[in-house]
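Structure, as structure tokens:
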Amino acid sequence: MIQKLPAWLAMALVLGLTLGTLAAVGWRAELGRGLSAADWAAVRFTITQAIMSAMLSVVLAIPAARALARRSFRGRRILITLLGAPFLLPVIVAVLGLLAVFGRGGVINSALAAVGLPQISIYGFWGVVLAHVFFNLPLAVRLILQGWQAIPAERFRLVASLNGSVFRLLEVPMLARVVPGAALVIFLICLTSFAVALTLGGGPRATTVELAIYQAIQFDFDLGRAALLACIQFGLGLSAAFVAWQVTPTQGMGRGMDRIVQRWDQGRAAVDAAALSLVALFLLLPLAMVVLRGVPGLIEMPSAVWAAAGRSIMVATGSAGLCVVLAVALSLRGGVAVSVIGVMPLAASGLVMGTGLFVLVYPFVSPRSVALPVTILVNATLALPFAVRAIGPAVADVKADYGKLAESLGMQGWNRLRIVVFPRIRRPLGFAAGLAAALSMGDLGVITLFAGEAQETLPLAMYRLMGSYRMEAAAGAGLLLLALSLLLFWLCDQGGRRDADA
Amino acid sequence: MKTTLSISVAAALCATSAMAETPTLNVMTYDSFVSDWGPGPAVEAAFEEICNCDLVFTGAGDGAALLARLQLEGKGSDADVVLGLDTNLTAAARATGLFAPHGVSAELDLPISWDDAEFLPFDWGYFAFVGNAGEDAATSLKALAESDAKILIQDPRSSTPGLGLLMWVKAAYGDEAADVWAALADNIVTVTPGWSEAYGLFLEGEADAVLSYTTSPAYHLIAEEDDSKVAWAFDEGHYMQVEVAGKLAGTDQPELADQFLAFMVSDGFQSIIPTTNWMYPAKLPAEGLPAGFETLVTPNKALLLSSDAAAAARDGALEEWRAALSQ
């Protein structure tokens, strides 16, 4: 079967980059000290904040996704694209945007002070959760919205003709199927969070496992301890994934005729308007601050930033292409192994992955000479869980609904892909490519270990500007990054929607 | 083939092969040193004028990441010189056994005496809290702890200034350090992973002061003509950061490495430092400090633990810090 080899390659790649790099770090380790009480405190904090962030994100996302699913209004598509932006931002840009709204000198506290009310402080546990919800609410909205869009038009017709409840008969079963997966993904993202927790956490109480790994590698050079902590992080991720699979019902909504969905159950427009406005305000106000801060900095950016932007676009395009190919290959294969692969990169420690790759690559070639290819490879792998999550169900549906028909027509290989599969998965395909490209734009993981001057990407250039007091120019670079990420995402996403009814 | 600096020999053999075999000196350093707005490009140009070689800087994350990177590369490292470790890391760096004596005997202009066979300073500075001019400024660590001023600090587990503050409190208060941290806890708005995040938050108005350097106001004054930032002078004295470089024992360019280290404490290198790295030069250049530096606060006392003392104190001090701030 022509479909088998790419799937095996994809799985080998993911396993190599996650477990392989972990093994490389462990292999390179000398005897270190074991885990301390502080490490266990970090494990507890990590789990608590990740659970809270995941739950809040999906709970807030449900009304917004429902509003988006059942209303059509001018600017709906733009709004959907813009709502995705926080997820695509580099952490520090988003944190500074959040602080411009919620911080000590931010909009809200200024307003409170103006009317003589006490100030709010976002630093601490809830600050971490707030930031994580800000980052992940957009993802939750998109994932849950896809659930709504996957309900065939015929079901709505049927329910309407029976005069039944759309909520009870269609939406609750759909949510039961979609929400655990969405919550799992967000839990995993928050599990490996590092800079957010540190910047808004208010002190060492808010220490995550990833910070403990950072400390073990950079300050103590205790690779054994780093590997141990990374194993714990993996364990947590896989346990969460197991729980999510256990509670997710497997039956789907079945096949439809791809009619345009018509809804008879409009509900109260005010409720939807309120849900959308609140979410939009929460997500877009900090983004507006990023733009405001960034505009004056655009003219101060040294020319090196533009070169870095060019390299970032190249890396993003490359990793989006690779990611989509891998995701389609994995989705065509399907099965539990694929689900596991879809979780592993999210539970992996970025720092362990980078260090492991360095250990593996260093004896053979100069890390600098492979900086960009390695970054493409790693970014594609890191985006793979999202891509598989978007493409996988669509491919599975095509298989279930049209597999026998295609089989009976003797349609195989490329023809089957081209005629049966691709037209039906175009929308998730575009979404996945856009997400992979945008995530890769903003990524600042492996590149820091590998890049020299000539391999600098845009986020790295931005951090280097900040590290040299050039905060204004860095804000400009942040704005450029935001604009380019959104543009790439929009182009891919739009490509997938061509001729389709959104 | 071992390349030498002797141009006459090379020229006598063959001019083109001499061109092709221009020796390369690899210097591993921290990220902000190599960036376009750091000292790297100017230093590279100045040294290449006199060395007949190709100087290549490689950035390896921040200060702490630098040592980890060197340990990862181990004996097989391509680097000839490592530049940018500070005194809190030199004990661990020495213990790797990867460094060779630098052999440079220069009269340095440090506020303390310097005697280290392996590590040669290239710049230094005092840690300080930087606040806004015209606002209340604390006059000591203790006064800061008793005030209700809000400060931003960096995490000592991921940042060199953060580790510097840990050592500052330890050097000033010894066994009382834990009490000082407990009193400081309610002043700390948040602890950031690196210097950039904390400084960015401070400029956004998130706190009254940020842990940085006495030289930070010089950046705003000279590069932005903005005199609104001041460093707070503390009675206990200020902890120093001394940034050093060392030659690797495994270098294949020992003569070039020696030449670079000698160049590092000469005017050609040192005059670049103040307005690119925003630190004090280790050896004052002939033209002195740039205009604006005379406005900076000069601490009455320089605090610095020896590299061995700093290494020995670190784990205990870290635990005190963590316990005090976790209350």
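Residues are named by chain letter and number: chains run A, B, ... in the order of the structure tokens, numbers start at 1 in each chain, and ligands are numbered from 1 in the order shown.
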> Which residues of chain B are close to chain A, meaning at most 6 Å apart when you count only C-alpha atoms, and how do they look as JSON, numbers by chain?
Replying inline: {"B": [32, 58, 59, 64, 65, 68, 157, 189, 190, 191, 192, 193, 196, 205, 206, 322, 326]}
Give me the residues near Cys323 (chain A) as a short mmCIF file (atom, residue, chain, number, x, y, z; two decimals) with C-alpha atoms, in the first residue's frame, where near means some atom within 8 Å (using only C-alpha atoms) and where sequence neighbours in that chain fewer than 3 positions away do not count.
```
data_model
loop_
_atom_site.label_atom_id
_atom_site.label_comp_id
_atom_site.auth_asym_id
_atom_site.auth_seq_id
_atom_site.Cartn_x
_atom_site.Cartn_y
_atom_site.Cartn_z
CA SER A 319 6.99 23.40 8.17
CA ALA A 320 3.35 23.95 7.18
CA LEU A 326 2.59 14.06 7.68
CA ALA A 327 -0.89 14.69 9.08
CA ALA A 380 6.19 20.63 11.73
CA THR A 381 6.24 17.94 14.41
CA ALA A 383 2.11 21.43 14.98
CA LEU A 384 1.28 17.84 14.04
CA ALA A 387 -3.14 19.12 12.25
CA ALA A 433 -1.67 24.37 7.18
CA ALA A 436 1.19 25.09 11.40
#
```
>> Report as a VMD selection string all protein, DNA and RNA residues lying within 9 Å of Ala171 (chain B), evaluated on only C-alpha atoms, omitting residues in the same chain fewer than 2 positions from it.
In response: chain B and resid 166 to 169 173 to 174 177 239 303 to 305
> Which parts of region 352-415 of chain A does DSSP call alpha helix (DSSP H) when run on the backbone here, written out as a ChimeraX atom specification?
Replying inline: /A:352-361,371-408,413-415
Filtering to N, CA and C atoms, could you give me those residues as a short mmCIF file (atom, residue, chain, number, x, y, z; two decimals), in the first residue's frame?
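Output (result19.cif):
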```
data_model
loop_
_atom_site.label_atom_id
_atom_site.label_comp_id
_atom_site.auth_asym_id
_atom_site.auth_seq_id
_atom_site.Cartn_x
_atom_site.Cartn_y
_atom_site.Cartn_z
N VAL A 352 14.18 19.85 26.26
CA VAL A 352 14.79 18.52 26.15
C VAL A 352 14.92 18.14 24.68
N MET A 353 13.89 18.47 23.89
CA MET A 353 13.93 18.16 22.47
C MET A 353 15.12 18.86 21.81
N GLY A 354 15.27 20.16 22.12
CA GLY A 354 16.38 20.92 21.55
C GLY A 354 17.73 20.37 21.98
N THR A 355 17.85 20.09 23.26
CA THR A 355 19.12 19.60 23.78
C THR A 355 19.45 18.23 23.21
N GLY A 356 18.41 17.37 23.15
CA GLY A 356 18.60 16.03 22.61
C GLY A 356 19.05 16.08 21.15
N LEU A 357 18.39 16.94 20.37
CA LEU A 357 18.78 17.08 18.96
C LEU A 357 20.22 17.57 18.85
N PHE A 358 20.56 18.50 19.73
CA PHE A 358 21.92 19.03 19.72
C PHE A 358 22.92 17.92 19.97
N VAL A 359 22.63 17.08 20.98
CA VAL A 359 23.54 15.97 21.30
C VAL A 359 23.67 15.02 20.11
N LEU A 360 22.53 14.80 19.41
CA LEU A 360 22.54 13.87 18.29
C LEU A 360 23.26 14.44 17.07
N VAL A 361 23.08 15.74 16.85
CA VAL A 361 23.58 16.35 15.62
C VAL A 361 25.05 16.75 15.75
N ALA A 371 20.56 24.66 11.14
CA ALA A 371 19.60 25.35 12.02
C ALA A 371 18.21 25.44 11.40
N LEU A 372 18.13 25.90 10.14
CA LEU A 372 16.80 26.10 9.56
C LEU A 372 16.09 24.79 9.23
N PRO A 373 16.77 23.81 8.59
CA PRO A 373 16.08 22.52 8.36
C PRO A 373 15.60 21.87 9.66
N VAL A 374 16.43 21.92 10.70
CA VAL A 374 16.02 21.32 11.97
C VAL A 374 14.81 22.05 12.53
N THR A 375 14.80 23.37 12.40
CA THR A 375 13.66 24.14 12.90
C THR A 375 12.39 23.78 12.14
N ILE A 376 12.50 23.62 10.82
CA ILE A 376 11.34 23.22 10.02
C ILE A 376 10.80 21.88 10.50
N LEU A 377 11.72 20.94 10.68
CA LEU A 377 11.34 19.59 11.10
C LEU A 377 10.65 19.61 12.45
N VAL A 378 11.24 20.32 13.41
CA VAL A 378 10.69 20.35 14.76
C VAL A 378 9.36 21.09 14.79
N ASN A 379 9.28 22.22 14.09
CA ASN A 379 8.03 22.98 14.08
C ASN A 379 6.91 22.17 13.44
N ALA A 380 7.22 21.45 12.37
CA ALA A 380 6.19 20.63 11.73
C ALA A 380 5.70 19.57 12.71
N THR A 381 6.62 18.98 13.45
CA THR A 381 6.24 17.94 14.41
C THR A 381 5.41 18.53 15.55
N LEU A 382 5.80 19.73 16.01
CA LEU A 382 5.06 20.33 17.12
C LEU A 382 3.64 20.71 16.72
N ALA A 383 3.45 21.05 15.44
CA ALA A 383 2.11 21.43 14.98
C ALA A 383 1.29 20.21 14.60
N LEU A 384 1.95 19.06 14.51
CA LEU A 384 1.28 17.84 14.04
C LEU A 384 0.04 17.46 14.86
N PRO A 385 0.09 17.55 16.20
CA PRO A 385 -1.11 17.20 16.97
C PRO A 385 -2.33 18.01 16.54
N PHE A 386 -2.14 19.30 16.28
CA PHE A 386 -3.27 20.14 15.87
C PHE A 386 -3.75 19.74 14.49
N ALA A 387 -2.79 19.48 13.61
CA ALA A 387 -3.14 19.12 12.25
C ALA A 387 -3.88 17.78 12.22
N VAL A 388 -3.37 16.81 12.99
CA VAL A 388 -4.01 15.50 13.03
C VAL A 388 -5.42 15.62 13.60
N ARG A 389 -5.55 16.50 14.62
CA ARG A 389 -6.85 16.70 15.24
C ARG A 389 -7.85 17.32 14.27
N ALA A 390 -7.34 18.19 13.40
CA ALA A 390 -8.23 18.84 12.44
C ALA A 390 -8.55 17.92 11.27
N ILE A 391 -7.51 17.24 10.77
CA ILE A 391 -7.67 16.45 9.54
C ILE A 391 -8.19 15.04 9.83
N GLY A 392 -7.72 14.47 10.95
CA GLY A 392 -8.03 13.07 11.27
C GLY A 392 -9.51 12.73 11.19
N PRO A 393 -10.37 13.46 11.94
CA PRO A 393 -11.80 13.11 11.92
C PRO A 393 -12.40 13.24 10.52
N ALA A 394 -11.97 14.26 9.77
CA ALA A 394 -12.51 14.45 8.43
C ALA A 394 -12.15 13.26 7.55
N VAL A 395 -10.90 12.82 7.64
CA VAL A 395 -10.46 11.66 6.85
C VAL A 395 -11.20 10.40 7.28
N ALA A 396 -11.37 10.27 8.61
CA ALA A 396 -12.08 9.09 9.11
C ALA A 396 -13.51 9.06 8.59
N ASP A 397 -14.14 10.25 8.56
CA ASP A 397 -15.52 10.32 8.05
C ASP A 397 -15.57 9.93 6.57
N VAL A 398 -14.62 10.44 5.82
CA VAL A 398 -14.59 10.11 4.38
C VAL A 398 -14.45 8.61 4.21
N LYS A 399 -13.56 8.02 5.01
CA LYS A 399 -13.34 6.57 4.94
C LYS A 399 -14.63 5.82 5.24
N ALA A 400 -15.27 6.23 6.35
CA ALA A 400 -16.46 5.52 6.80
C ALA A 400 -17.62 5.71 5.80
N ASP A 401 -17.73 6.94 5.28
CA ASP A 401 -18.90 7.24 4.47
C ASP A 401 -18.72 6.88 2.99
N TYR A 402 -17.51 6.97 2.50
CA TYR A 402 -17.30 6.77 1.06
C TYR A 402 -16.32 5.64 0.75
N GLY A 403 -15.76 5.02 1.82
CA GLY A 403 -14.75 3.99 1.64
C GLY A 403 -15.26 2.84 0.79
N LYS A 404 -16.45 2.35 1.14
CA LYS A 404 -16.98 1.19 0.43
C LYS A 404 -17.30 1.53 -1.02
N LEU A 405 -17.84 2.74 -1.20
CA LEU A 405 -18.16 3.18 -2.56
C LEU A 405 -16.89 3.23 -3.41
N ALA A 406 -15.84 3.85 -2.83
CA ALA A 406 -14.59 3.98 -3.56
C ALA A 406 -14.01 2.61 -3.86
N GLU A 407 -14.13 1.73 -2.85
CA GLU A 407 -13.62 0.36 -2.98
C GLU A 407 -14.33 -0.34 -4.15
N SER A 408 -15.65 -0.19 -4.16
CA SER A 408 -16.43 -0.89 -5.18
C SER A 408 -16.14 -0.35 -6.58
N GLY A 413 -5.14 4.62 -4.33
CA GLY A 413 -3.96 5.49 -4.38
C GLY A 413 -4.27 6.95 -4.61
N TRP A 414 -3.50 7.53 -5.51
CA TRP A 414 -3.57 8.96 -5.74
C TRP A 414 -4.94 9.40 -6.23
N ASN A 415 -5.55 8.60 -7.12
CA ASN A 415 -6.86 8.96 -7.64
C ASN A 415 -7.89 9.06 -6.53
#
```
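The list of residues with at least one atom within 8 Å of Asn26 (chain B), based on only C-alpha atoms and without residues fewer than 4 positions apart in the same chain, reads Leu55, Val56, Phe57, Thr58, Asp78, Ala79, Asp80 and Val81 of chain B.
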> Leaving out Gln259 (chain B) and any residue of its chain fewer than 3 positions from it, which residues lie within 10 Å of it when counting only C-alpha atoms, given as a PyMOL selection string?
Replying inline: chain B and resi 47+50-51+104+253-256+262-264
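Closest approach to Ala347 (chain A) among A:Trp126, A:Trp490, A:Phe422, A:Phe187 is made by A:Phe187 (distances from only C-alpha atoms).
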>> With only C-alpha atoms as the counted atoms, please give the residues lying no more than 8 Å from Asn109 (chain A), apart from itself and same-chain residues fewer than 6 positions off, as a ChimeraX atom specification.
In response: /A:102-103,119-120
Dump C-alpha atoms for the selected residues as an mmCIF file, in the first residue's frame?
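Dumped to result_5.cif:
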```
data_model
loop_
_atom_site.group_PDB
_atom_site.id
_atom_site.type_symbol
_atom_site.label_atom_id
_atom_site.label_comp_id
_atom_site.auth_asym_id
_atom_site.auth_seq_id
_atom_site.Cartn_x
_atom_site.Cartn_y
_atom_site.Cartn_z
ATOM 1 C CA PHE A 102 -5.067 43.983 33.006
ATOM 2 C CA GLY A 103 -1.753 45.164 34.474
ATOM 3 C CA GLN A 119 -6.954 48.149 41.971
ATOM 4 C CA ILE A 120 -6.831 44.566 40.748
#
```
>> Quick one: residues within 8 Å of region 223-235 of chain B, only C-alpha atoms, excluding same-chain residues fewer than 5 positions away - as a ChimeraX atom specification?
In response: /B:128-133,137-141,213-218,296-300
Atoms kept (N, CA and C atoms) for selection, written as a short mmCIF file (atom, residue, chain, number, x, y, z; two decimals), in the first residue's frame:
```cif
data_model
loop_
_atom_site.label_atom_id
_atom_site.label_comp_id
_atom_site.auth_asym_id
_atom_site.auth_seq_id
_atom_site.Cartn_x
_atom_site.Cartn_y
_atom_site.Cartn_z
N ALA B 128 21.63 46.85 40.29
CA ALA B 128 20.93 47.91 40.99
C ALA B 128 19.47 47.86 40.62
N PHE B 129 18.64 48.43 41.49
CA PHE B 129 17.24 48.61 41.11
C PHE B 129 17.13 49.93 40.35
N VAL B 130 16.48 49.87 39.22
CA VAL B 130 16.33 51.06 38.38
C VAL B 130 14.87 51.51 38.47
N GLY B 131 14.69 52.79 38.81
CA GLY B 131 13.35 53.32 38.94
C GLY B 131 13.19 54.59 38.11
N ASN B 132 12.08 55.28 38.31
CA ASN B 132 11.82 56.52 37.57
C ASN B 132 12.31 57.71 38.36
N ALA B 133 12.94 58.68 37.69
CA ALA B 133 13.44 59.88 38.35
C ALA B 133 12.26 60.63 38.97
N ALA B 137 12.84 56.85 46.16
CA ALA B 137 13.81 55.79 45.92
C ALA B 137 14.26 55.22 47.25
N ALA B 138 14.23 53.89 47.37
CA ALA B 138 14.72 53.25 48.59
C ALA B 138 16.23 53.46 48.66
N THR B 139 16.79 53.46 49.89
CA THR B 139 18.22 53.72 50.04
C THR B 139 18.99 52.49 50.49
N SER B 140 18.30 51.41 50.74
CA SER B 140 18.99 50.16 51.08
C SER B 140 18.05 48.99 50.82
N LEU B 141 18.61 47.79 50.81
CA LEU B 141 17.78 46.60 50.63
C LEU B 141 16.74 46.52 51.73
N TYR B 213 20.99 47.13 36.16
CA TYR B 213 22.35 47.57 36.44
C TYR B 213 22.41 49.07 36.69
N THR B 214 23.44 49.55 37.39
CA THR B 214 23.59 51.00 37.58
C THR B 214 23.81 51.69 36.23
N THR B 215 24.26 50.93 35.24
CA THR B 215 24.54 51.51 33.93
C THR B 215 23.30 51.59 33.03
N SER B 216 22.18 50.97 33.45
CA SER B 216 20.99 50.98 32.60
C SER B 216 20.53 52.40 32.25
N PRO B 217 20.51 53.36 33.23
CA PRO B 217 20.08 54.71 32.86
C PRO B 217 20.94 55.32 31.74
N ALA B 218 22.19 54.88 31.63
CA ALA B 218 23.05 55.41 30.58
C ALA B 218 22.48 55.10 29.20
N LEU B 296 26.01 58.56 36.34
CA LEU B 296 25.53 57.32 36.97
C LEU B 296 25.91 57.28 38.44
N VAL B 297 25.09 56.59 39.24
CA VAL B 297 25.43 56.45 40.66
C VAL B 297 26.65 55.53 40.79
N THR B 298 27.56 55.90 41.70
CA THR B 298 28.70 55.02 41.97
C THR B 298 28.59 54.52 43.41
N PRO B 299 28.37 53.23 43.56
CA PRO B 299 28.17 52.67 44.91
C PRO B 299 29.38 52.92 45.81
N ASN B 300 29.09 53.10 47.12
CA ASN B 300 30.19 53.32 48.05
C ASN B 300 30.94 52.03 48.36
#
```
>> Let me make sure I understand: among B:Ala312, B:Ile153, B:Leu318, B:Ala245, which one has the smallest atom-to-atom distance to Asp208 (chain B) if we use only C-alpha atoms?
In response: B:Ile153
